[in-house]
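The file upload-v4.txt contains compact mmCIF, N, CA, C and O atoms:
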# COMPACT_ATOMS: atom_id res chain seq x y z
N THR A 1 -102.90 9.36 -130.23
CA THR A 1 -102.06 8.17 -130.13
C THR A 1 -102.19 7.52 -128.75
O THR A 1 -102.06 6.32 -128.64
N ARG A 2 -102.44 8.33 -127.76
CA ARG A 2 -102.58 7.78 -126.43
C ARG A 2 -103.79 6.86 -126.33
O ARG A 2 -103.74 5.83 -125.66
N GLN A 3 -104.88 7.22 -126.99
CA GLN A 3 -106.07 6.37 -126.97
C GLN A 3 -105.82 5.04 -127.64
O GLN A 3 -106.39 4.03 -127.25
N ALA A 4 -105.01 5.02 -128.65
CA ALA A 4 -104.73 3.78 -129.37
C ALA A 4 -104.04 2.77 -128.47
O ALA A 4 -104.17 1.56 -128.66
N LEU A 5 -103.34 3.24 -127.46
CA LEU A 5 -102.61 2.35 -126.57
C LEU A 5 -103.37 2.03 -125.28
O LEU A 5 -102.93 1.20 -124.50
N ALA A 6 -104.50 2.66 -125.10
CA ALA A 6 -105.27 2.45 -123.88
C ALA A 6 -105.90 1.07 -123.88
O ALA A 6 -106.40 0.58 -124.89
N VAL A 7 -105.85 0.43 -122.74
CA VAL A 7 -106.44 -0.89 -122.58
C VAL A 7 -107.84 -0.71 -122.00
O VAL A 7 -108.01 -0.08 -120.96
N PRO A 8 -108.86 -1.19 -122.71
CA PRO A 8 -110.22 -1.02 -122.18
C PRO A 8 -110.39 -1.80 -120.88
O PRO A 8 -109.80 -2.85 -120.69
N SER A 9 -111.20 -1.25 -120.00
CA SER A 9 -111.47 -1.96 -118.75
C SER A 9 -112.82 -2.66 -118.87
O SER A 9 -113.72 -2.19 -119.55
N PHE A 10 -112.94 -3.76 -118.18
CA PHE A 10 -114.16 -4.54 -118.19
C PHE A 10 -114.65 -4.73 -116.77
O PHE A 10 -113.86 -4.77 -115.83
N HIS A 11 -115.95 -4.81 -116.62
CA HIS A 11 -116.56 -5.04 -115.31
C HIS A 11 -117.40 -6.29 -115.39
O HIS A 11 -117.96 -6.62 -116.44
N ASP A 12 -117.52 -6.97 -114.27
CA ASP A 12 -118.38 -8.14 -114.23
C ASP A 12 -119.82 -7.74 -114.50
O ASP A 12 -120.24 -6.64 -114.15
N ILE A 13 -120.56 -8.62 -115.11
CA ILE A 13 -121.99 -8.39 -115.31
C ILE A 13 -122.65 -8.49 -113.94
O ILE A 13 -122.40 -9.45 -113.19
N PRO A 14 -123.46 -7.50 -113.57
CA PRO A 14 -124.08 -7.53 -112.25
C PRO A 14 -124.95 -8.76 -112.06
O PRO A 14 -125.67 -9.19 -112.96
N ALA A 15 -124.87 -9.32 -110.86
CA ALA A 15 -125.64 -10.53 -110.55
C ALA A 15 -127.08 -10.20 -110.16
O ALA A 15 -127.96 -11.05 -110.27
N TYR A 16 -127.32 -8.96 -109.69
CA TYR A 16 -128.63 -8.60 -109.19
C TYR A 16 -129.21 -7.45 -110.01
O TYR A 16 -128.47 -6.61 -110.51
N PRO A 17 -130.53 -7.40 -110.13
CA PRO A 17 -131.16 -6.38 -110.98
C PRO A 17 -131.07 -4.98 -110.36
O PRO A 17 -130.99 -4.83 -109.14
N SER A 18 -131.09 -4.00 -111.22
CA SER A 18 -131.11 -2.62 -110.76
C SER A 18 -132.56 -2.16 -110.60
O SER A 18 -133.48 -2.77 -111.13
N VAL A 19 -132.72 -1.06 -109.86
CA VAL A 19 -134.02 -0.45 -109.67
C VAL A 19 -133.87 1.02 -110.03
O VAL A 19 -133.01 1.70 -109.47
N ALA A 20 -134.68 1.50 -110.96
CA ALA A 20 -134.60 2.91 -111.39
C ALA A 20 -135.75 3.69 -110.78
O ALA A 20 -136.89 3.20 -110.71
N ARG A 21 -135.43 4.89 -110.35
CA ARG A 21 -136.44 5.82 -109.84
C ARG A 21 -136.12 7.19 -110.44
O ARG A 21 -134.96 7.58 -110.53
N ASP A 22 -137.16 7.92 -110.83
CA ASP A 22 -136.99 9.26 -111.39
C ASP A 22 -137.36 10.30 -110.36
O ASP A 22 -138.24 10.07 -109.52
N VAL A 23 -136.69 11.44 -110.44
CA VAL A 23 -137.04 12.58 -109.60
C VAL A 23 -137.02 13.83 -110.47
O VAL A 23 -136.05 14.08 -111.18
N ALA A 24 -138.13 14.55 -110.47
CA ALA A 24 -138.24 15.82 -111.20
C ALA A 24 -138.43 16.91 -110.16
O ALA A 24 -139.13 16.71 -109.16
N MET A 25 -137.77 18.03 -110.38
CA MET A 25 -137.82 19.11 -109.39
C MET A 25 -137.74 20.46 -110.06
O MET A 25 -137.25 20.58 -111.18
N ILE A 26 -138.21 21.45 -109.35
CA ILE A 26 -138.06 22.83 -109.78
C ILE A 26 -137.03 23.46 -108.86
O ILE A 26 -137.13 23.36 -107.63
N VAL A 27 -136.02 24.08 -109.47
CA VAL A 27 -134.95 24.73 -108.72
C VAL A 27 -134.71 26.12 -109.30
O VAL A 27 -135.11 26.41 -110.42
N GLY A 28 -134.05 26.95 -108.54
CA GLY A 28 -133.68 28.26 -109.03
C GLY A 28 -132.62 28.16 -110.11
O GLY A 28 -131.87 27.19 -110.17
N ASP A 29 -132.58 29.17 -110.96
CA ASP A 29 -131.58 29.18 -112.04
C ASP A 29 -130.14 29.15 -111.52
O ASP A 29 -129.23 28.77 -112.24
N ASP A 30 -129.95 29.56 -110.27
CA ASP A 30 -128.60 29.59 -109.70
C ASP A 30 -128.13 28.21 -109.24
O ASP A 30 -126.96 28.02 -108.93
N VAL A 31 -129.01 27.22 -109.20
CA VAL A 31 -128.64 25.87 -108.79
C VAL A 31 -128.05 25.14 -110.00
O VAL A 31 -128.70 24.99 -111.02
N ARG A 32 -126.81 24.70 -109.84
CA ARG A 32 -126.11 24.02 -110.94
C ARG A 32 -126.34 22.51 -110.89
O ARG A 32 -126.66 21.96 -109.84
N HIS A 33 -126.14 21.87 -112.03
CA HIS A 33 -126.23 20.41 -112.11
C HIS A 33 -125.28 19.77 -111.09
O HIS A 33 -125.63 18.80 -110.42
N GLU A 34 -124.09 20.33 -110.96
CA GLU A 34 -123.10 19.79 -110.02
C GLU A 34 -123.62 19.85 -108.58
O GLU A 34 -123.34 18.96 -107.78
N ASP A 35 -124.35 20.92 -108.25
CA ASP A 35 -124.93 21.05 -106.91
C ASP A 35 -125.94 19.93 -106.65
O ASP A 35 -125.95 19.31 -105.59
N ILE A 36 -126.79 19.70 -107.64
CA ILE A 36 -127.82 18.66 -107.52
C ILE A 36 -127.17 17.29 -107.39
O ILE A 36 -127.51 16.50 -106.50
N GLU A 37 -126.21 17.02 -108.24
CA GLU A 37 -125.53 15.72 -108.20
C GLU A 37 -124.82 15.51 -106.87
O GLU A 37 -124.85 14.42 -106.30
N GLN A 38 -124.20 16.55 -106.34
CA GLN A 38 -123.51 16.44 -105.06
C GLN A 38 -124.48 16.11 -103.93
O GLN A 38 -124.19 15.25 -103.09
N VAL A 39 -125.63 16.75 -103.90
CA VAL A 39 -126.63 16.47 -102.87
C VAL A 39 -127.14 15.04 -103.00
O VAL A 39 -127.29 14.32 -102.00
N ILE A 40 -127.39 14.61 -104.23
CA ILE A 40 -127.87 13.24 -104.45
C ILE A 40 -126.84 12.24 -103.94
O ILE A 40 -127.17 11.33 -103.18
N ARG A 41 -125.60 12.41 -104.33
CA ARG A 41 -124.54 11.46 -103.92
C ARG A 41 -124.34 11.46 -102.40
O ARG A 41 -124.13 10.41 -101.80
N ALA A 42 -124.41 12.63 -101.79
CA ALA A 42 -124.19 12.73 -100.34
C ALA A 42 -125.32 12.09 -99.54
O ALA A 42 -125.10 11.60 -98.44
N SER A 43 -126.53 12.09 -100.08
CA SER A 43 -127.69 11.59 -99.34
C SER A 43 -128.09 10.17 -99.71
O SER A 43 -128.91 9.57 -99.02
N ALA A 44 -127.53 9.64 -100.77
CA ALA A 44 -127.90 8.30 -101.24
C ALA A 44 -127.01 7.24 -100.58
O ALA A 44 -125.89 7.52 -100.18
N PRO A 45 -127.50 6.02 -100.53
CA PRO A 45 -126.69 4.92 -99.97
C PRO A 45 -125.67 4.44 -101.00
O PRO A 45 -125.65 4.89 -102.15
N ALA A 46 -124.84 3.52 -100.57
CA ALA A 46 -123.82 2.93 -101.46
C ALA A 46 -124.47 2.24 -102.66
O ALA A 46 -123.82 2.05 -103.69
N GLU A 47 -125.75 1.90 -102.55
CA GLU A 47 -126.45 1.22 -103.65
C GLU A 47 -126.75 2.14 -104.84
O GLU A 47 -127.18 1.65 -105.88
N LEU A 48 -126.52 3.44 -104.71
CA LEU A 48 -126.72 4.33 -105.85
C LEU A 48 -125.66 4.02 -106.90
O LEU A 48 -124.47 4.17 -106.65
N GLU A 49 -126.10 3.58 -108.05
CA GLU A 49 -125.18 3.17 -109.11
C GLU A 49 -124.94 4.27 -110.14
O GLU A 49 -123.83 4.45 -110.62
N SER A 50 -126.01 5.01 -110.49
CA SER A 50 -125.83 6.05 -111.51
C SER A 50 -126.87 7.14 -111.38
O SER A 50 -127.95 6.92 -110.82
N ILE A 51 -126.49 8.31 -111.91
CA ILE A 51 -127.37 9.48 -111.96
C ILE A 51 -127.35 9.97 -113.40
O ILE A 51 -126.28 10.24 -113.94
N GLN A 52 -128.53 10.07 -114.01
CA GLN A 52 -128.62 10.56 -115.39
C GLN A 52 -129.65 11.68 -115.46
O GLN A 52 -130.81 11.48 -115.09
N ILE A 53 -129.23 12.83 -115.94
CA ILE A 53 -130.19 13.91 -116.18
C ILE A 53 -130.89 13.60 -117.49
O ILE A 53 -130.25 13.17 -118.45
N PHE A 54 -132.22 13.76 -117.54
CA PHE A 54 -132.91 13.45 -118.80
C PHE A 54 -133.87 14.54 -119.26
O PHE A 54 -134.43 14.44 -120.36
N ASP A 55 -134.06 15.59 -118.45
CA ASP A 55 -134.95 16.64 -118.91
C ASP A 55 -134.63 17.95 -118.22
O ASP A 55 -134.35 17.97 -117.02
N ILE A 56 -134.68 19.03 -118.99
CA ILE A 56 -134.56 20.39 -118.47
C ILE A 56 -135.63 21.20 -119.17
O ILE A 56 -135.75 21.16 -120.39
N PHE A 57 -136.42 21.94 -118.38
CA PHE A 57 -137.48 22.76 -118.96
C PHE A 57 -137.49 24.10 -118.26
O PHE A 57 -137.39 24.18 -117.04
N LYS A 58 -137.61 25.14 -119.04
CA LYS A 58 -137.65 26.49 -118.51
C LYS A 58 -138.78 27.24 -119.20
O LYS A 58 -139.03 27.06 -120.38
N GLY A 59 -139.47 28.09 -118.44
CA GLY A 59 -140.55 28.87 -119.02
C GLY A 59 -141.90 28.32 -118.66
O GLY A 59 -142.05 27.48 -117.79
N GLY A 60 -142.90 28.82 -119.35
CA GLY A 60 -144.27 28.35 -119.12
C GLY A 60 -144.69 28.55 -117.69
O GLY A 60 -144.45 29.60 -117.08
N SER A 61 -145.27 27.54 -117.10
CA SER A 61 -145.80 27.64 -115.74
C SER A 61 -144.71 27.54 -114.66
O SER A 61 -145.01 27.69 -113.48
N ILE A 62 -143.48 27.29 -115.06
CA ILE A 62 -142.38 27.17 -114.09
C ILE A 62 -142.10 28.52 -113.44
O ILE A 62 -141.78 28.59 -112.27
N GLY A 63 -142.23 29.59 -114.20
CA GLY A 63 -142.01 30.93 -113.67
C GLY A 63 -140.60 31.43 -113.93
O GLY A 63 -139.70 30.65 -114.22
N PRO A 64 -140.41 32.73 -113.80
CA PRO A 64 -139.10 33.31 -114.07
C PRO A 64 -138.08 32.96 -112.98
O PRO A 64 -138.44 32.79 -111.82
N GLY A 65 -136.84 32.82 -113.40
CA GLY A 65 -135.76 32.54 -112.47
C GLY A 65 -135.71 31.13 -111.95
O GLY A 65 -134.96 30.81 -111.03
N ARG A 66 -136.52 30.24 -112.56
CA ARG A 66 -136.56 28.84 -112.14
C ARG A 66 -136.57 27.92 -113.35
O ARG A 66 -136.89 28.35 -114.45
N ARG A 67 -136.24 26.67 -113.11
CA ARG A 67 -136.31 25.67 -114.18
C ARG A 67 -136.65 24.31 -113.57
O ARG A 67 -136.42 24.08 -112.39
N SER A 68 -137.21 23.47 -114.41
CA SER A 68 -137.51 22.11 -114.00
C SER A 68 -136.43 21.19 -114.55
O SER A 68 -136.04 21.31 -115.72
N VAL A 69 -135.91 20.32 -113.70
CA VAL A 69 -134.91 19.34 -114.13
C VAL A 69 -135.36 17.97 -113.64
O VAL A 69 -136.00 17.85 -112.60
N ALA A 70 -135.03 16.93 -114.40
CA ALA A 70 -135.42 15.58 -114.02
C ALA A 70 -134.23 14.65 -114.18
O ALA A 70 -133.45 14.77 -115.14
N TYR A 71 -134.10 13.75 -113.22
CA TYR A 71 -133.00 12.80 -113.18
C TYR A 71 -133.54 11.39 -113.02
O TYR A 71 -134.57 11.18 -112.37
N SER A 72 -132.83 10.44 -113.57
CA SER A 72 -133.10 9.04 -113.33
C SER A 72 -131.97 8.51 -112.45
O SER A 72 -130.80 8.66 -112.78
N LEU A 73 -132.34 7.90 -111.33
CA LEU A 73 -131.37 7.34 -110.40
C LEU A 73 -131.48 5.83 -110.45
O LEU A 73 -132.58 5.28 -110.42
N THR A 74 -130.36 5.15 -110.51
CA THR A 74 -130.34 3.70 -110.55
C THR A 74 -129.69 3.18 -109.28
O THR A 74 -128.57 3.59 -108.94
N TYR A 75 -130.39 2.30 -108.59
CA TYR A 75 -129.90 1.67 -107.37
C TYR A 75 -129.68 0.18 -107.65
O TYR A 75 -130.44 -0.44 -108.37
N ARG A 76 -128.61 -0.37 -107.05
CA ARG A 76 -128.35 -1.81 -107.19
C ARG A 76 -127.49 -2.27 -106.01
O ARG A 76 -126.50 -1.63 -105.69
N SER A 77 -127.87 -3.38 -105.44
CA SER A 77 -127.06 -3.99 -104.40
C SER A 77 -126.12 -5.00 -105.06
O SER A 77 -126.49 -5.66 -106.03
N ARG A 78 -124.94 -5.11 -104.50
CA ARG A 78 -123.97 -6.10 -105.02
C ARG A 78 -124.15 -7.46 -104.38
O ARG A 78 -123.53 -8.43 -104.82
N VAL A 79 -124.99 -7.51 -103.33
CA VAL A 79 -125.10 -8.77 -102.59
C VAL A 79 -126.49 -9.42 -102.63
O VAL A 79 -126.65 -10.57 -102.23
N ARG A 80 -127.51 -8.65 -103.10
CA ARG A 80 -128.86 -9.22 -103.14
C ARG A 80 -129.76 -8.32 -103.97
O ARG A 80 -129.40 -7.22 -104.33
N THR A 81 -130.96 -8.81 -104.22
CA THR A 81 -131.96 -8.02 -104.93
C THR A 81 -132.60 -7.04 -103.96
O THR A 81 -132.99 -7.42 -102.86
N LEU A 82 -132.68 -5.78 -104.36
CA LEU A 82 -133.33 -4.77 -103.53
C LEU A 82 -134.85 -4.93 -103.60
O LEU A 82 -135.39 -5.27 -104.66
N THR A 83 -135.51 -4.68 -102.51
CA THR A 83 -136.97 -4.68 -102.53
C THR A 83 -137.45 -3.29 -102.96
O THR A 83 -136.69 -2.31 -102.89
N ASP A 84 -138.69 -3.21 -103.39
CA ASP A 84 -139.27 -1.90 -103.74
C ASP A 84 -139.26 -0.97 -102.54
O ASP A 84 -138.99 0.22 -102.67
N ASP A 85 -139.56 -1.51 -101.36
CA ASP A 85 -139.58 -0.67 -100.16
C ASP A 85 -138.20 -0.08 -99.88
O ASP A 85 -138.10 1.08 -99.50
N GLU A 86 -137.16 -0.86 -100.07
CA GLU A 86 -135.80 -0.34 -99.85
C GLU A 86 -135.48 0.76 -100.86
O GLU A 86 -134.99 1.83 -100.47
N ALA A 87 -135.74 0.50 -102.13
CA ALA A 87 -135.46 1.49 -103.16
C ALA A 87 -136.27 2.76 -102.93
O ALA A 87 -135.75 3.87 -103.07
N ASN A 88 -137.53 2.60 -102.56
CA ASN A 88 -138.37 3.77 -102.27
C ASN A 88 -137.84 4.56 -101.08
O ASN A 88 -137.86 5.79 -101.08
N GLY A 89 -137.36 3.86 -100.06
CA GLY A 89 -136.78 4.53 -98.90
C GLY A 89 -135.54 5.31 -99.26
O GLY A 89 -135.35 6.46 -98.82
N TYR A 90 -134.66 4.72 -100.07
CA TYR A 90 -133.46 5.43 -100.53
C TYR A 90 -133.87 6.68 -101.29
O TYR A 90 -133.30 7.75 -101.10
N HIS A 91 -134.86 6.52 -102.15
CA HIS A 91 -135.28 7.62 -103.01
C HIS A 91 -135.93 8.74 -102.20
O HIS A 91 -135.72 9.92 -102.48
N GLU A 92 -136.72 8.39 -101.21
CA GLU A 92 -137.34 9.41 -100.35
C GLU A 92 -136.27 10.20 -99.60
O GLU A 92 -136.41 11.41 -99.41
N ALA A 93 -135.21 9.53 -99.16
CA ALA A 93 -134.11 10.23 -98.48
C ALA A 93 -133.44 11.22 -99.42
O ALA A 93 -133.12 12.35 -99.02
N VAL A 94 -133.24 10.83 -100.67
CA VAL A 94 -132.63 11.73 -101.66
C VAL A 94 -133.53 12.93 -101.89
O VAL A 94 -133.08 14.08 -101.87
N LYS A 95 -134.83 12.70 -102.08
CA LYS A 95 -135.76 13.81 -102.30
C LYS A 95 -135.80 14.75 -101.10
O LYS A 95 -135.84 15.97 -101.26
N GLY A 96 -135.77 14.20 -99.91
CA GLY A 96 -135.75 15.03 -98.71
C GLY A 96 -134.52 15.90 -98.64
O GLY A 96 -134.59 17.09 -98.27
N ALA A 97 -133.38 15.36 -99.01
CA ALA A 97 -132.13 16.13 -99.01
C ALA A 97 -132.16 17.23 -100.07
O ALA A 97 -131.67 18.34 -99.82
N LEU A 98 -132.74 16.95 -101.22
CA LEU A 98 -132.86 17.97 -102.26
C LEU A 98 -133.75 19.12 -101.79
O LEU A 98 -133.43 20.29 -102.02
N ARG A 99 -134.83 18.78 -101.12
CA ARG A 99 -135.72 19.81 -100.57
C ARG A 99 -134.98 20.66 -99.53
O ARG A 99 -135.04 21.88 -99.55
N ALA A 100 -134.33 19.99 -98.59
CA ALA A 100 -133.71 20.67 -97.46
C ALA A 100 -132.48 21.48 -97.88
O ALA A 100 -132.27 22.59 -97.41
N THR A 101 -131.66 20.93 -98.74
CA THR A 101 -130.38 21.56 -99.09
C THR A 101 -130.51 22.60 -100.19
O THR A 101 -129.90 23.66 -100.11
N LEU A 102 -131.30 22.29 -101.23
CA LEU A 102 -131.38 23.17 -102.39
C LEU A 102 -132.72 23.89 -102.50
O LEU A 102 -132.96 24.59 -103.47
N ARG A 103 -133.60 23.66 -101.53
CA ARG A 103 -134.96 24.21 -101.58
C ARG A 103 -135.67 23.79 -102.88
O ARG A 103 -136.42 24.56 -103.47
N ALA A 104 -135.38 22.57 -103.31
CA ALA A 104 -136.00 22.04 -104.53
C ALA A 104 -137.47 21.74 -104.26
O ALA A 104 -137.82 21.23 -103.20
N GLU A 105 -138.29 22.05 -105.24
CA GLU A 105 -139.71 21.70 -105.18
C GLU A 105 -139.88 20.42 -105.99
O GLU A 105 -139.76 20.43 -107.21
N ILE A 106 -140.08 19.30 -105.30
CA ILE A 106 -140.17 18.00 -105.97
C ILE A 106 -141.50 17.94 -106.70
O ILE A 106 -142.56 18.21 -106.12
N ARG A 107 -141.45 17.55 -107.95
CA ARG A 107 -142.67 17.43 -108.77
C ARG A 107 -143.14 15.99 -108.71
O ARG A 107 -142.50 15.10 -109.23
N GLU A 108 -144.23 15.78 -108.04
CA GLU A 108 -144.81 14.43 -107.92
C GLU A 108 -145.88 14.29 -109.00
O GLU A 108 -146.65 15.19 -109.23
N SER A 109 -145.89 13.12 -109.64
CA SER A 109 -146.90 12.93 -110.70
C SER A 109 -148.10 12.19 -110.20
O SER A 109 -148.19 11.64 -109.19

Once you've parsed the file, please lay out its structure as structure tokens.
Amino acid sequence: TRQALAVPSFHDIPAYPSVARDVAMIVGDDVRHEDIEQVIRASAPAELESIQIFDIFKGGSIGPGRRSVAYSLTYRSRVRTLTDDEANGYHEAVKGALRATLRAEIRES
């Protein structure tokens, strides 16, 4: 019944385009999704709009006690269009923090 009375919230349609970047990494089984998300949020700029996990793989060439996880990160400025160089810089900072904090092995394609 509480949901029936809830008023949906609406947001303005963004004026500027988003930029998506993916990051795939190998981490130990003891590293939780929450740990990864916390490091991403702490190291990303205010332009980080969303974090979506899209792949988890365990076994095969990954080795025991480890897994591969992949995330899509969306960046967007509220005041202008981001350049590729800016988005790449934000993303490199995130990857560096994942390496340093979680000892993540970033999978580059």

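Between atom CA of Gly60 of chain A and atom N of Val94 of chain A there is a distance of 27.7 Å.
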
query = Any idea what's packed within 8 Å of Pro17 of chain A, counting all atoms listed in the file, ignoring anything in its chain fewer than 4 positions away? Could you give it as a PyMOL selection string?
reply = chain A and resi 75-78+80-82

note = note - atom CA of Asp12 of chain A and atom CA of Ala93 of chain A are separated by 28.9 Å

query = How would you write, as a ChimeraX atom specification, the set of residues in chain A that DSSP gives as strand (DSSP E)?
reply = /A:19-28,48-57,66-75,105-107

ask   = How would you write, as a ChimeraX atom specification, the set of residues in chain A that DSSP gives as helix (DSSP H, G or I)?
value = /A:2-5,33-43,60-62,84-102

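Atom CA of Ala44 of chain A lies 9.5 Å from atom CA of Glu92 of chain A.
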
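In terms of minimum interatomic distance to Ala97 of chain A, A:Val39 ranks closest within A:Val39, A:Ile13, A:Ala24, A:Val19, counting only C-alpha atoms.
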
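The nearest approach to Glu108 of chain A among the residues A:Asp22, A:Asp29, A:Asp84, A:Glu49, with only C-alpha atoms taken into account, belongs to A:Asp22.
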
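Look at everything within 8 Å of (-139.5, 23.3, -114.1) using only N, CA, C and O atoms, and the residues you get are Ala24, Met25, Ile26, Val27, Asp55, Ile56, Phe57, Lys58, Gly59, Ser61, Ile62, Gly63, Arg66, Arg67, Ser68, Val69, Ala70 and Glu105 of chain A.
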
The centre and edge lengths of an axis-aligned box containing all atoms of segment 80-84 of chain A present in the file, extended by 8 Å on each side, are to be given in Å to one decimal, as lines of an AutoDock Vina configuration file.
center_x = -133.4
center_y = -4.5
center_z = -103.7
size_x = 27.8
size_y = 25.4
size_z = 18.4

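For the point (-135.5, 4.3, -107.1), the residues with an atom at a distance of at most 9 Å are Ser18, Val19, Ala20, Arg21, Asp22, Val23, Leu48, Ser72, Leu73, Thr74, Tyr75, Asp84, Glu86, Ala87, Asn88, Gly89, Tyr90, His91 and Glu92 of chain A, counting only C-alpha atoms.
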
Which residue of A:Gly28, A:Gly96, A:Pro14, A:Gly65 approaches Ser43 of chain A most closely, using only C-alpha atoms = A:Gly96
